[in-house]
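Next up, upload.pdb (PDB, C-alpha atoms):
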```pdb
ATOM      1  CA  MET A   1      90.400  97.761 124.657
ATOM      2  CA  SER A   2      89.269 101.136 125.883
ATOM      3  CA  GLN A   3      88.858 103.955 123.370
ATOM      4  CA  PRO A   4      91.191 106.950 123.910
ATOM      5  CA  THR A   5      89.720 110.421 124.273
ATOM      6  CA  GLY A   6      91.010 113.910 123.638
ATOM      7  CA  PRO A   7      92.376 115.629 120.558
ATOM      8  CA  GLN A   8      95.906 114.349 121.150
ATOM      9  CA  GLN A   9      94.975 110.656 120.984
ATOM     10  CA  PRO A  10      95.075 108.737 117.674
ATOM     11  CA  SER A  11      91.763 107.282 116.573
ATOM     12  CA  ARG A  12      91.879 103.502 116.320
ATOM     13  CA  THR A  13      88.440 103.061 114.831
ATOM     14  CA  SER A  14      89.439 103.914 111.258
ATOM     15  CA  THR A  15      93.015 102.674 111.334
ATOM     16  CA  ASP A  16      92.177  99.295 112.838
ATOM     17  CA  ALA A  17      89.927  98.653 109.852
ATOM     18  CA  GLU A  18      92.973  99.015 107.581
ATOM     19  CA  ILE A  19      94.914  96.255 109.357
ATOM     20  CA  PRO A  20      94.611  93.088 107.248
ATOM     21  CA  GLU A  21      92.731  90.234 108.876
ATOM     22  CA  MET A  22      95.036  87.246 108.977
ATOM     23  CA  PRO A  23      93.581  83.731 108.547
ATOM     24  CA  ALA A  24      92.784  81.810 111.705
ATOM     25  CA  PRO A  25      95.486  79.275 112.641
ATOM     26  CA  ARG A  26      94.690  75.650 111.897
ATOM     27  CA  VAL A  27      96.899  74.115 114.599
ATOM     28  CA  HIS A  28      97.588  75.006 118.202
ATOM     29  CA  GLU A  29     100.411  73.978 120.449
ATOM     30  CA  ARG A  30      99.901  71.009 122.751
ATOM     31  CA  ARG A  31     102.164  69.015 124.992
ATOM     32  CA  ALA A  32     103.937  66.061 123.428
ATOM     33  CA  VAL A  33     103.444  62.635 124.994
ATOM     34  CA  GLY A  34     106.691  61.451 126.561
ATOM     35  CA  MET A  35     108.485  60.587 129.757
ATOM     36  CA  PRO A  36     111.604  61.667 131.640
ATOM     37  CA  GLY A  37     114.672  60.673 129.676
ATOM     38  CA  LEU A  38     117.146  59.752 132.431
ATOM     39  CA  PRO A  39     115.158  56.851 133.975
ATOM     40  CA  PHE A  40     114.399  55.570 130.486
ATOM     41  CA  LEU A  41     118.102  55.741 129.608
ATOM     42  CA  LEU A  42     119.002  53.613 132.630
ATOM     43  CA  ILE A  43     116.283  51.070 131.802
ATOM     44  CA  ALA A  44     117.396  50.929 128.150
ATOM     45  CA  VAL A  45     121.015  50.292 129.208
ATOM     46  CA  LEU A  46     119.904  47.445 131.468
ATOM     47  CA  VAL A  47     117.817  45.972 128.654
ATOM     48  CA  VAL A  48     120.800  46.122 126.288
ATOM     49  CA  LEU A  49     122.967  44.373 128.877
ATOM     50  CA  GLY A  50     120.274  41.724 129.318
ATOM     51  CA  GLY A  51     120.085  41.168 125.575
ATOM     52  CA  ALA A  52     123.859  40.912 125.381
ATOM     53  CA  ALA A  53     123.765  38.354 128.191
ATOM     54  CA  LEU A  54     121.205  36.263 126.294
ATOM     55  CA  ILE A  55     123.389  36.347 123.196
ATOM     56  CA  THR A  56     126.378  35.263 125.256
ATOM     57  CA  VAL A  57     124.461  32.420 126.916
ATOM     58  CA  GLY A  58     123.101  31.292 123.552
ATOM     59  CA  GLY A  59     126.592  31.302 122.053
ATOM     60  CA  VAL A  60     128.011  29.222 124.894
ATOM     61  CA  ARG A  61     125.095  26.767 124.687
ATOM     62  CA  ALA A  62     125.530  26.540 120.922
ATOM     63  CA  LYS A  63     129.099  25.306 121.438
ATOM     64  CA  ASP A  64     128.247  22.765 124.124
ATOM     65  CA  HIS A  65     124.735  21.701 123.122
ATOM     66  CA  PRO A  66     123.839  22.821 119.608
ATOM     67  CA  GLY A  67     120.148  23.051 119.013
ATOM     68  CA  ALA A  68     117.043  25.197 118.717
ATOM     69  CA  VAL A  69     117.284  26.559 122.261
ATOM     70  CA  ALA A  70     120.642  28.196 121.599
ATOM     71  CA  THR A  71     119.369  29.656 118.364
ATOM     72  CA  VAL A  72     116.281  31.075 120.102
ATOM     73  CA  LEU A  73     118.398  32.628 122.868
ATOM     74  CA  ILE A  74     120.702  34.304 120.359
ATOM     75  CA  ALA A  75     117.825  35.559 118.209
ATOM     76  CA  LEU A  76     115.935  36.843 121.265
ATOM     77  CA  GLY A  77     119.028  38.632 122.524
ATOM     78  CA  ILE A  78     119.583  40.300 119.144
ATOM     79  CA  VAL A  79     115.962  41.432 118.985
ATOM     80  CA  ILE A  80     116.146  42.863 122.514
ATOM     81  CA  VAL A  81     119.392  44.744 121.806
ATOM     82  CA  VAL A  82     118.155  46.145 118.484
ATOM     83  CA  GLY A  83     114.827  47.168 120.030
ATOM     84  CA  ALA A  84     116.555  48.908 122.939
ATOM     85  CA  LEU A  85     118.918  50.750 120.587
ATOM     86  CA  ILE A  86     115.992  51.889 118.439
ATOM     87  CA  THR A  87     114.123  53.226 121.450
ATOM     88  CA  LEU A  88     117.222  55.180 122.477
ATOM     89  CA  PHE A  89     116.700  57.349 119.393
ATOM     90  CA  GLY A  90     113.697  58.812 121.210
ATOM     91  CA  LEU A  91     115.940  60.556 123.743
ATOM     92  CA  THR A  92     115.940  64.330 123.213
ATOM     93  CA  GLN A  93     117.874  67.059 124.982
ATOM     94  CA  VAL A  94     116.002  70.323 125.473
ATOM     95  CA  ALA A  95     117.890  73.404 126.652
ATOM     96  CA  PRO A  96     116.234  76.252 128.604
ATOM     97  CA  GLY A  97     114.633  78.717 126.206
ATOM     98  CA  GLN A  98     114.165  76.079 123.518
ATOM     99  CA  ALA A  99     111.444  73.661 122.455
ATOM    100  CA  ARG A 100     111.099  70.645 120.184
ATOM    101  CA  VAL A 101     108.185  70.326 117.753
ATOM    102  CA  CYS A 102     107.448  66.630 117.228
ATOM    103  CA  GLN A 103     106.016  65.374 113.938
ATOM    104  CA  LEU A 104     105.146  61.769 113.042
ATOM    105  CA  PHE A 105     104.645  60.904 109.369
ATOM    106  CA  GLY A 106     103.705  64.515 108.588
ATOM    107  CA  ARG A 107     101.297  64.872 111.494
ATOM    108  CA  TYR A 108     101.855  67.203 114.440
ATOM    109  CA  GLN A 109     102.258  65.221 117.673
ATOM    110  CA  GLY A 110     103.047  67.915 120.219
ATOM    111  CA  THR A 111     105.780  70.158 121.593
ATOM    112  CA  ILE A 112     108.408  69.459 124.238
ATOM    113  CA  ARG A 113     108.993  72.582 126.339
ATOM    114  CA  GLN A 114     110.353  71.014 129.541
ATOM    115  CA  ASP A 115     114.122  71.379 129.611
ATOM    116  CA  GLY A 116     116.386  68.449 130.305
ATOM    117  CA  LEU A 117     116.499  64.935 128.868
ATOM    118  CA  ARG A 118     113.127  63.711 127.584
ATOM    119  CA  TRP A 119     111.977  60.627 125.721
ATOM    120  CA  VAL A 120     109.324  60.574 123.000
ATOM    121  CA  ASN A 121     108.362  58.277 120.164
ATOM    122  CA  PRO A 122     111.678  57.468 118.411
ATOM    123  CA  PHE A 123     110.043  57.575 114.975
ATOM    124  CA  THR A 124     109.046  61.239 115.315
ATOM    125  CA  SER A 125     111.041  64.053 113.768
ATOM    126  CA  ARG A 126     111.900  66.768 116.289
ATOM    127  CA  ARG A 127     112.476  70.320 115.061
ATOM    128  CA  LYS A 128     114.351  72.699 117.326
ATOM    129  CA  ILE A 129     112.753  76.112 117.850
ATOM    130  CA  SER A 130     113.853  78.947 120.123
ATOM    131  CA  THR A 131     111.402  80.469 122.595
ATOM    132  CA  ARG A 132     113.819  83.149 123.816
ATOM    133  CA  LEU A 133     113.234  86.877 123.434
ATOM    134  CA  ARG A 134     114.432  88.245 120.111
ATOM    135  CA  ASN A 135     115.064  91.677 118.640
ATOM    136  CA  HIS A 136     114.271  92.742 115.108
ATOM    137  CA  GLU A 137     115.567  96.126 114.004
ATOM    138  CA  THR A 138     114.332  97.436 110.697
ATOM    139  CA  ALA A 139     116.569  99.216 108.255
ATOM    140  CA  VAL A 140     116.138 102.967 107.846
ATOM    141  CA  LEU A 141     113.020 103.197 105.686
ATOM    142  CA  LYS A 142     112.253 106.194 103.471
ATOM    143  CA  VAL A 143     108.525 106.850 103.123
ATOM    144  CA  ASN A 144     106.135 109.770 102.670
ATOM    145  CA  ASP A 145     104.147 110.924 105.692
ATOM    146  CA  ALA A 146     100.489 111.986 105.642
ATOM    147  CA  TYR A 147     101.461 115.414 104.225
ATOM    148  CA  GLY A 148     103.542 113.844 101.462
ATOM    149  CA  ASN A 149     106.876 114.856 102.983
ATOM    150  CA  PRO A 150     109.663 112.261 102.619
ATOM    151  CA  ILE A 151     110.864 111.062 106.016
ATOM    152  CA  GLU A 152     113.229 108.419 107.312
ATOM    153  CA  LEU A 153     112.357 106.109 110.168
ATOM    154  CA  ALA A 154     113.414 102.841 111.729
ATOM    155  CA  ALA A 155     112.038 100.720 114.563
ATOM    156  CA  VAL A 156     113.055  97.871 116.838
ATOM    157  CA  VAL A 157     110.651  95.124 117.916
ATOM    158  CA  VAL A 158     111.065  92.720 120.834
ATOM    159  CA  TRP A 159     109.190  89.488 120.150
ATOM    160  CA  GLN A 160     108.916  85.883 121.261
ATOM    161  CA  VAL A 161     107.446  82.658 119.936
ATOM    162  CA  ALA A 162     104.314  81.959 121.973
ATOM    163  CA  ASP A 163     102.855  79.035 119.972
ATOM    164  CA  THR A 164     105.501  76.767 118.477
ATOM    165  CA  ALA A 165     103.029  74.798 116.358
ATOM    166  CA  GLN A 166     101.752  77.913 114.600
ATOM    167  CA  ALA A 167     105.300  79.233 114.115
ATOM    168  CA  VAL A 168     106.329  76.009 112.352
ATOM    169  CA  PHE A 169     103.219  75.051 110.394
ATOM    170  CA  GLU A 170     101.385  78.317 109.654
ATOM    171  CA  VAL A 171     104.229  80.167 107.882
ATOM    172  CA  ASP A 172     107.253  79.122 105.845
ATOM    173  CA  ASP A 173     109.822  81.049 107.908
ATOM    174  CA  TYR A 174     108.504  82.780 111.011
ATOM    175  CA  VAL A 175     111.667  84.899 111.454
ATOM    176  CA  LYS A 176     111.391  86.389 107.946
ATOM    177  CA  PHE A 177     107.641  86.692 108.396
ATOM    178  CA  VAL A 178     108.091  88.865 111.497
ATOM    179  CA  GLY A 179     110.664  91.014 109.699
ATOM    180  CA  ILE A 180     108.517  91.656 106.630
ATOM    181  CA  GLN A 181     105.348  92.329 108.615
ATOM    182  CA  THR A 182     107.210  94.736 110.899
ATOM    183  CA  ASP A 183     108.504  96.723 107.928
ATOM    184  CA  THR A 184     104.997  96.802 106.460
ATOM    185  CA  ALA A 185     103.471  98.041 109.707
ATOM    186  CA  VAL A 186     106.102 100.769 110.104
ATOM    187  CA  ARG A 187     105.451 102.010 106.561
ATOM    188  CA  HIS A 188     101.697 101.925 107.129
ATOM    189  CA  ILE A 189     101.955 103.949 110.349
ATOM    190  CA  ALA A 190     104.243 106.514 108.710
ATOM    191  CA  THR A 191     101.842 107.146 105.818
ATOM    192  CA  ASN A 192      98.846 107.635 108.138
ATOM    193  CA  TYR A 193     100.340 110.399 110.301
ATOM    194  CA  PRO A 194     102.383 113.533 109.572
ATOM    195  CA  TYR A 195     105.903 113.930 110.892
ATOM    196  CA  ASP A 196     104.978 117.163 112.642
ATOM    197  CA  ALA A 197     101.521 118.732 113.016
ATOM    198  CA  HIS A 198     101.454 122.242 111.541
ATOM    199  CA  ASP A 199      98.341 123.236 113.470
ATOM    200  CA  GLY A 200      99.716 122.002 116.790
ATOM    201  CA  THR A 201      96.624 119.906 117.607
ATOM    202  CA  SER A 202      96.711 116.980 115.153
ATOM    203  CA  VAL A 203      98.363 113.684 115.966
ATOM    204  CA  SER A 204     101.926 113.521 114.638
ATOM    205  CA  LEU A 205     104.823 111.067 114.682
ATOM    206  CA  ARG A 206     107.096 113.443 116.582
ATOM    207  CA  GLY A 207     104.577 115.069 118.883
ATOM    208  CA  ASN A 208     102.701 111.908 119.916
ATOM    209  CA  SER A 209     105.477 109.331 120.014
ATOM    210  CA  GLU A 210     103.981 107.295 122.875
ATOM    211  CA  ASP A 211     100.581 106.980 121.206
ATOM    212  CA  ILE A 212     102.124 106.169 117.834
ATOM    213  CA  THR A 213     104.371 103.537 119.462
ATOM    214  CA  GLU A 214     101.345 101.894 121.060
ATOM    215  CA  ARG A 215      99.554 101.962 117.714
ATOM    216  CA  LEU A 216     102.586 100.350 116.065
ATOM    217  CA  SER A 217     102.655  97.542 118.639
ATOM    218  CA  VAL A 218      98.958  96.846 118.113
ATOM    219  CA  GLU A 219      99.328  96.637 114.341
ATOM    220  CA  ILE A 220     102.432  94.426 114.399
ATOM    221  CA  ALA A 221     100.793  92.098 116.933
ATOM    222  CA  ALA A 222      97.716  91.776 114.699
ATOM    223  CA  ARG A 223      99.869  90.960 111.678
ATOM    224  CA  VAL A 224     102.010  88.237 113.319
ATOM    225  CA  ASP A 225      99.421  86.698 115.631
ATOM    226  CA  SER A 226      98.593  83.896 113.185
ATOM    227  CA  ALA A 227     102.280  82.878 113.212
ATOM    228  CA  GLY A 228     102.214  82.224 116.958
ATOM    229  CA  VAL A 229     104.406  85.260 117.748
ATOM    230  CA  LYS A 230     103.873  87.597 120.699
ATOM    231  CA  ILE A 231     105.064  91.211 120.507
ATOM    232  CA  ILE A 232     106.658  92.367 123.768
ATOM    233  CA  GLU A 233     107.541  95.942 122.808
ATOM    234  CA  SER A 234     108.184  98.136 119.787
ATOM    235  CA  ARG A 235     109.957 101.490 119.573
ATOM    236  CA  PHE A 236     111.042 103.937 116.906
ATOM    237  CA  THR A 237     114.834 104.184 116.874
ATOM    238  CA  HIS A 238     115.151 106.738 114.075
ATOM    239  CA  LEU A 239     112.773 109.466 112.957
ATOM    240  CA  ALA A 240     113.832 112.402 110.786
ATOM    241  CA  TYR A 241     113.063 114.276 107.612
ATOM    242  CA  ALA A 242     114.760 113.036 104.461
ATOM    243  CA  PRO A 243     118.022 114.872 103.655
ATOM    244  CA  GLU A 244     116.562 116.656 100.600
ATOM    245  CA  ILE A 245     114.019 118.576 102.712
ATOM    246  CA  ALA A 246     115.704 118.524 106.101
ATOM    247  CA  SER A 247     117.230 122.010 105.748
ATOM    248  CA  ALA A 248     113.946 123.557 104.580
ATOM    249  CA  MET A 249     112.021 121.957 107.439
ATOM    250  CA  LEU A 250     114.677 123.097 109.898
ATOM    251  CA  GLN A 251     114.214 126.679 108.721
ATOM    252  CA  ARG A 252     110.478 126.310 109.150
ATOM    253  CA  GLN A 253     110.899 125.009 112.698
ATOM    254  CA  GLN A 254     113.313 127.828 113.494
ATOM    255  CA  ALA A 255     110.880 130.389 112.079
ATOM    256  CA  GLY A 256     108.081 128.939 114.178
ATOM    257  CA  ALA A 257     110.251 129.086 117.289
ATOM    258  CA  ILE A 258     111.192 132.720 116.567
ATOM    259  CA  VAL A 259     107.548 133.698 116.044
ATOM    260  CA  ALA A 260     106.527 131.991 119.291
ATOM    261  CA  ALA A 261     109.369 133.695 121.189
ATOM    262  CA  ARG A 262     108.472 137.098 119.718
ATOM    263  CA  GLN A 263     104.860 136.639 120.698
ATOM    264  CA  THR A 264     105.870 135.918 124.268
ATOM    265  CA  ILE A 265     108.181 138.941 124.328
ATOM    266  CA  VAL A 266     105.478 141.258 122.961
ATOM    267  CA  ASP A 267     102.907 139.979 125.455
ATOM    268  CA  GLY A 268     105.329 140.633 128.299
ATOM    269  CA  ALA A 269     106.330 144.053 126.983
ATOM    270  CA  VAL A 270     102.706 145.194 126.641
ATOM    271  CA  GLY A 271     102.047 144.129 130.228
ATOM    272  CA  MET A 272     105.093 146.028 131.492
ATOM    273  CA  VAL A 273     104.127 149.195 129.591
ATOM    274  CA  GLU A 274     100.574 149.003 130.904
ATOM    275  CA  SER A 275     101.879 148.554 134.438
ATOM    276  CA  ALA A 276     104.289 151.520 134.055
ATOM    277  CA  LEU A 277     101.568 153.864 132.800
ATOM    278  CA  SER A 278      99.199 152.813 135.571
ATOM    279  CA  ARG A 279     101.786 153.390 138.314
ATOM    280  CA  ILE A 280     102.749 156.817 136.898
ATOM    281  CA  ALA A 281      99.114 157.852 136.860
ATOM    282  CA  GLU A 282      98.396 156.490 140.358
ATOM    283  CA  GLN A 283     101.421 158.088 142.012
ATOM    284  CA  GLY A 284     101.071 161.364 140.100
ATOM    285  CA  ILE A 285     104.724 161.440 139.093
ATOM    286  CA  VAL A 286     104.032 163.374 135.911
ATOM    287  CA  GLU A 287     101.003 164.203 133.812
ATOM    288  CA  LEU A 288     101.199 162.924 130.250
ATOM    289  CA  ASP A 289      98.879 163.830 127.400
ATOM    290  CA  GLU A 290      97.886 161.278 124.798
ATOM    291  CA  GLU A 291     100.722 162.211 122.458
ATOM    292  CA  ARG A 292     103.360 161.764 125.180
ATOM    293  CA  LYS A 293     101.785 158.505 126.305
ATOM    294  CA  ALA A 294     101.997 157.195 122.726
ATOM    295  CA  SER A 295     105.630 158.285 122.514
ATOM    296  CA  MET A 296     106.433 156.617 125.829
ATOM    297  CA  VAL A 297     104.703 153.410 124.782
ATOM    298  CA  SER A 298     106.614 153.411 121.500
ATOM    299  CA  ASN A 299     109.948 153.941 123.218
ATOM    300  CA  LEU A 300     109.328 151.262 125.853
ATOM    301  CA  LEU A 301     108.261 148.710 123.240
ATOM    302  CA  VAL A 302     111.387 149.404 121.209
ATOM    303  CA  VAL A 303     113.558 148.920 124.294
ATOM    304  CA  LEU A 304     111.786 145.769 125.512
ATOM    305  CA  CYS A 305     111.265 144.061 122.142
ATOM    306  CA  GLY A 306     114.506 144.960 120.381
ATOM    307  CA  ASP A 307     117.184 142.386 119.629
ATOM    308  CA  ARG A 308     119.957 144.734 120.718
ATOM    309  CA  ALA A 309     120.437 147.020 123.675
ATOM    310  CA  ALA A 310     118.882 150.449 123.084
ATOM    311  CA  GLN A 311     121.152 153.521 122.918
ATOM    312  CA  PRO A 312     119.723 156.172 125.278
ATOM    313  CA  VAL A 313     119.287 159.789 124.097
ATOM    314  CA  LEU A 314     119.351 162.378 126.872
ATOM    315  CA  ASN A 315     116.933 165.281 126.599
ATOM    316  CA  THR A 316     118.495 168.455 128.112
ATOM    317  CA  GLY A 317     115.509 170.619 127.356
ATOM    318  CA  THR A 318     111.913 170.498 128.520
ATOM    319  CA  LEU A 319     109.555 167.592 128.140
ATOM    320  CA  TYR A 320     108.241 169.043 124.857
ATOM    321  CA  GLN A 321     111.589 170.046 123.359
TER
END
```
Show how you would write the structure in this file as structure tokens.
Amino acid sequence: MSQPTGPQQPSRTSTDAEIPEMPAPRVHERRAVGMPGLPFLLIAVLVVLGGAALITVGGVRAKDHPGAVATVLIALGIVIVVGALITLFGLTQVAPGQARVCQLFGRYQGTIRQDGLRWVNPFTSRRKISTRLRNHETAVLKVNDAYGNPIELAAVVVWQVADTAQAVFEVDDYVKFVGIQTDTAVRHIATNYPYDAHDGTSVSLRGNSEDITERLSVEIAARVDSAGVKIIESRFTHLAYAPEIASAMLQRQQAGAIVAARQTIVDGAVGMVESALSRIAEQGIVELDEERKASMVSNLLVVLCGDRAAQPVLNTGTLYQ
């Protein structure tokens, strides 16, 4: 993974070291040994009919010619029918977006991912597991950011089971595992970054949402990788100051906006005054001494920087009266 550059990019060197290293998975998904279920079903039905026919023939022979042959035919027919019925328990229906994890006497045998009717060892237990895309939305969490300010945030994660064997055997409940690890990652991200950077250059949750979202996805993926889960996307759905400091922070933001606007107004007013004095001097409209220039600059700045419209005062005398 390439290292980001620039002051606006979050550093992953220090934060990646804080992500816990999960244990390596002991099992990996493999394909279960089996065969198409429909042909096997037809064969099993024919075998059952054949066994029933043997039982019928043995019963008829037992009435006409009692003996060992009739007994053998009946016993063979019963064995064939019972065996065929037992093998029918190996038929498994798999819907699209689902899989079956097969386990024989406590040992993992493989996973059926192909949809349709499949046949596997009838003595295996088959656990249904969904491989569809899922959403997990965290509750609104209240944590302290890097500056110690209480904030509220929530996130939504789109995830999918990538390795069914790890999802079943590596964790007790992979759905709860994803939920808890997502909440932990969201809290960890929130405590490492401030809600808003006061200096305007540091990485913040509000000012660098795309970078923070990418960082969140990386951390969640690292936490749930051992459970066979793949993170598709993660996004913050709620990000705000806690109610007890929201009004104070709003006043601070408003004050910052007013200061920035005033600075822009003053810069523009100074440029306009400078341009006016230069044009008056170039065109020789009137000669002004330093005192009159200062008075003109003062008046123009009041007019240009004031919140309200200036009230003009007409001078009916000379320039100096």
Translate the PyMOL selection byres ((chain A and resi 40) around 12), as applied to the file shown, into an explicit residue set as number ranges by chain. A: 34-39, 41-47, 84-85, 87-92, 117-120
When you look at segment 99-111 of chain A with a cut-off of 6 Å (counting all atoms listed in the file), what residues show up, excluding the ones that are within fewer than 4 positions of it in the same chain? I need them as a ChimeraX atom specification. /A:30-32,124-129
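Atom to atom, atom CA of Cys305 of chain A and atom CA of Val266 of chain A stand 6.5 Å apart.
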Closest of A:Arg61, A:Glu233, A:Thr56, A:Gly51 to Val79 of chain A - atom-to-atom distances counting all atoms listed in the file: A:Gly51
For this structure, which residues satisfy the selection - the PyMOL selection byres ((chain A and resi 52) around 9) - when it is evaluated on the file as given? I want them as number ranges by chain. A: 47-51, 53-57, 74, 77-78, 80-81
Give as a PyMOL selection string every residue, naming chains and numbers as the document does, that has an atom within 12 Å of (101.1, 84.7, 118.2), counting only C-alpha atoms. chain A and resi 22+24-25+27-29+131+159-168+170-171+174+177-178+220-232
As AutoDock Vina command-line options, please: the centre and edge lengths in Å, to one decimal, of an axis-aligned box enclosing every listed atom of segment 26-36 of chain A with 6 Å added on each side.
```
--center_x 103.1 --center_y 68.1 --center_z 121.8 --size_x 28.9 --size_y 27.1 --size_z 31.7
```
Can you give me, as number ranges by chain, the residues this file yields under the PyMOL selection byres ((chain A and resi 185) around 10)? A: 19, 180-184, 186-190, 215-223
Store the residues of this selection in a file with C-alpha atoms, as a compact mmCIF listing (two decimals), in the coordinates of the input.
```txt
# COMPACT_ATOMS: atom_id res chain seq x y z
CA ILE A 19 94.91 96.26 109.36
CA ILE A 180 108.52 91.66 106.63
CA GLN A 181 105.35 92.33 108.62
CA THR A 182 107.21 94.74 110.90
CA ASP A 183 108.50 96.72 107.93
CA THR A 184 105.00 96.80 106.46
CA VAL A 186 106.10 100.77 110.10
CA ARG A 187 105.45 102.01 106.56
CA HIS A 188 101.70 101.92 107.13
CA ILE A 189 101.96 103.95 110.35
CA ALA A 190 104.24 106.51 108.71
CA ARG A 215 99.55 101.96 117.71
CA LEU A 216 102.59 100.35 116.06
CA SER A 217 102.66 97.54 118.64
CA VAL A 218 98.96 96.85 118.11
CA GLU A 219 99.33 96.64 114.34
CA ILE A 220 102.43 94.43 114.40
CA ALA A 221 100.79 92.10 116.93
CA ALA A 222 97.72 91.78 114.70
CA ARG A 223 99.87 90.96 111.68
```
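Among A:Ser295, A:Glu244, A:Lys63, A:Ala146, the residue with the shortest atom-to-atom distance to Ser204 of chain A, counting only C-alpha atoms, is A:Ala146.
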Kindly output segment 264-275 of chain A as a PDB file, keeping the file's coordinate frame, after building N, CA and C atoms.
```
ATOM      1  N   THR A 264     105.724 135.882 122.819  1.00  0.00           N
ATOM      2  CA  THR A 264     105.870 135.918 124.268  1.00  0.00           C
ATOM      3  C   THR A 264     106.501 137.230 124.722  1.00  0.00           C
ATOM      4  N   ILE A 265     107.518 137.691 123.966  1.00  0.00           N
ATOM      5  CA  ILE A 265     108.181 138.941 124.328  1.00  0.00           C
ATOM      6  C   ILE A 265     107.216 140.126 124.227  1.00  0.00           C
ATOM      7  N   VAL A 266     106.428 140.163 123.148  1.00  0.00           N
ATOM      8  CA  VAL A 266     105.478 141.258 122.961  1.00  0.00           C
ATOM      9  C   VAL A 266     104.415 141.250 124.053  1.00  0.00           C
ATOM     10  N   ASP A 267     103.911 140.054 124.382  1.00  0.00           N
ATOM     11  CA  ASP A 267     102.907 139.979 125.455  1.00  0.00           C
ATOM     12  C   ASP A 267     103.478 140.501 126.764  1.00  0.00           C
ATOM     13  N   GLY A 268     104.718 140.139 127.070  1.00  0.00           N
ATOM     14  CA  GLY A 268     105.329 140.633 128.299  1.00  0.00           C
ATOM     15  C   GLY A 268     105.601 142.121 128.257  1.00  0.00           C
ATOM     16  N   ALA A 269     106.034 142.627 127.091  1.00  0.00           N
ATOM     17  CA  ALA A 269     106.330 144.053 126.983  1.00  0.00           C
ATOM     18  C   ALA A 269     105.067 144.895 127.136  1.00  0.00           C
ATOM     19  N   VAL A 270     103.968 144.460 126.522  1.00  0.00           N
ATOM     20  CA  VAL A 270     102.706 145.194 126.641  1.00  0.00           C
ATOM     21  C   VAL A 270     102.252 145.241 128.106  1.00  0.00           C
ATOM     22  N   GLY A 271     102.414 144.134 128.813  1.00  0.00           N
ATOM     23  CA  GLY A 271     102.047 144.129 130.228  1.00  0.00           C
ATOM     24  C   GLY A 271     102.902 145.070 131.049  1.00  0.00           C
ATOM     25  N   MET A 272     104.206 145.130 130.754  1.00  0.00           N
ATOM     26  CA  MET A 272     105.093 146.028 131.492  1.00  0.00           C
ATOM     27  C   MET A 272     104.767 147.488 131.207  1.00  0.00           C
ATOM     28  N   VAL A 273     104.492 147.813 129.930  1.00  0.00           N
ATOM     29  CA  VAL A 273     104.127 149.195 129.591  1.00  0.00           C
ATOM     30  C   VAL A 273     102.830 149.601 130.269  1.00  0.00           C
ATOM     31  N   GLU A 274     101.860 148.711 130.247  1.00  0.00           N
ATOM     32  CA  GLU A 274     100.574 149.003 130.904  1.00  0.00           C
ATOM     33  C   GLU A 274     100.765 149.223 132.393  1.00  0.00           C
ATOM     34  N   SER A 275     101.612 148.391 133.012  1.00  0.00           N
ATOM     35  CA  SER A 275     101.879 148.554 134.438  1.00  0.00           C
ATOM     36  C   SER A 275     102.591 149.874 134.720  1.00  0.00           C
TER      37      SER A 275
END
```
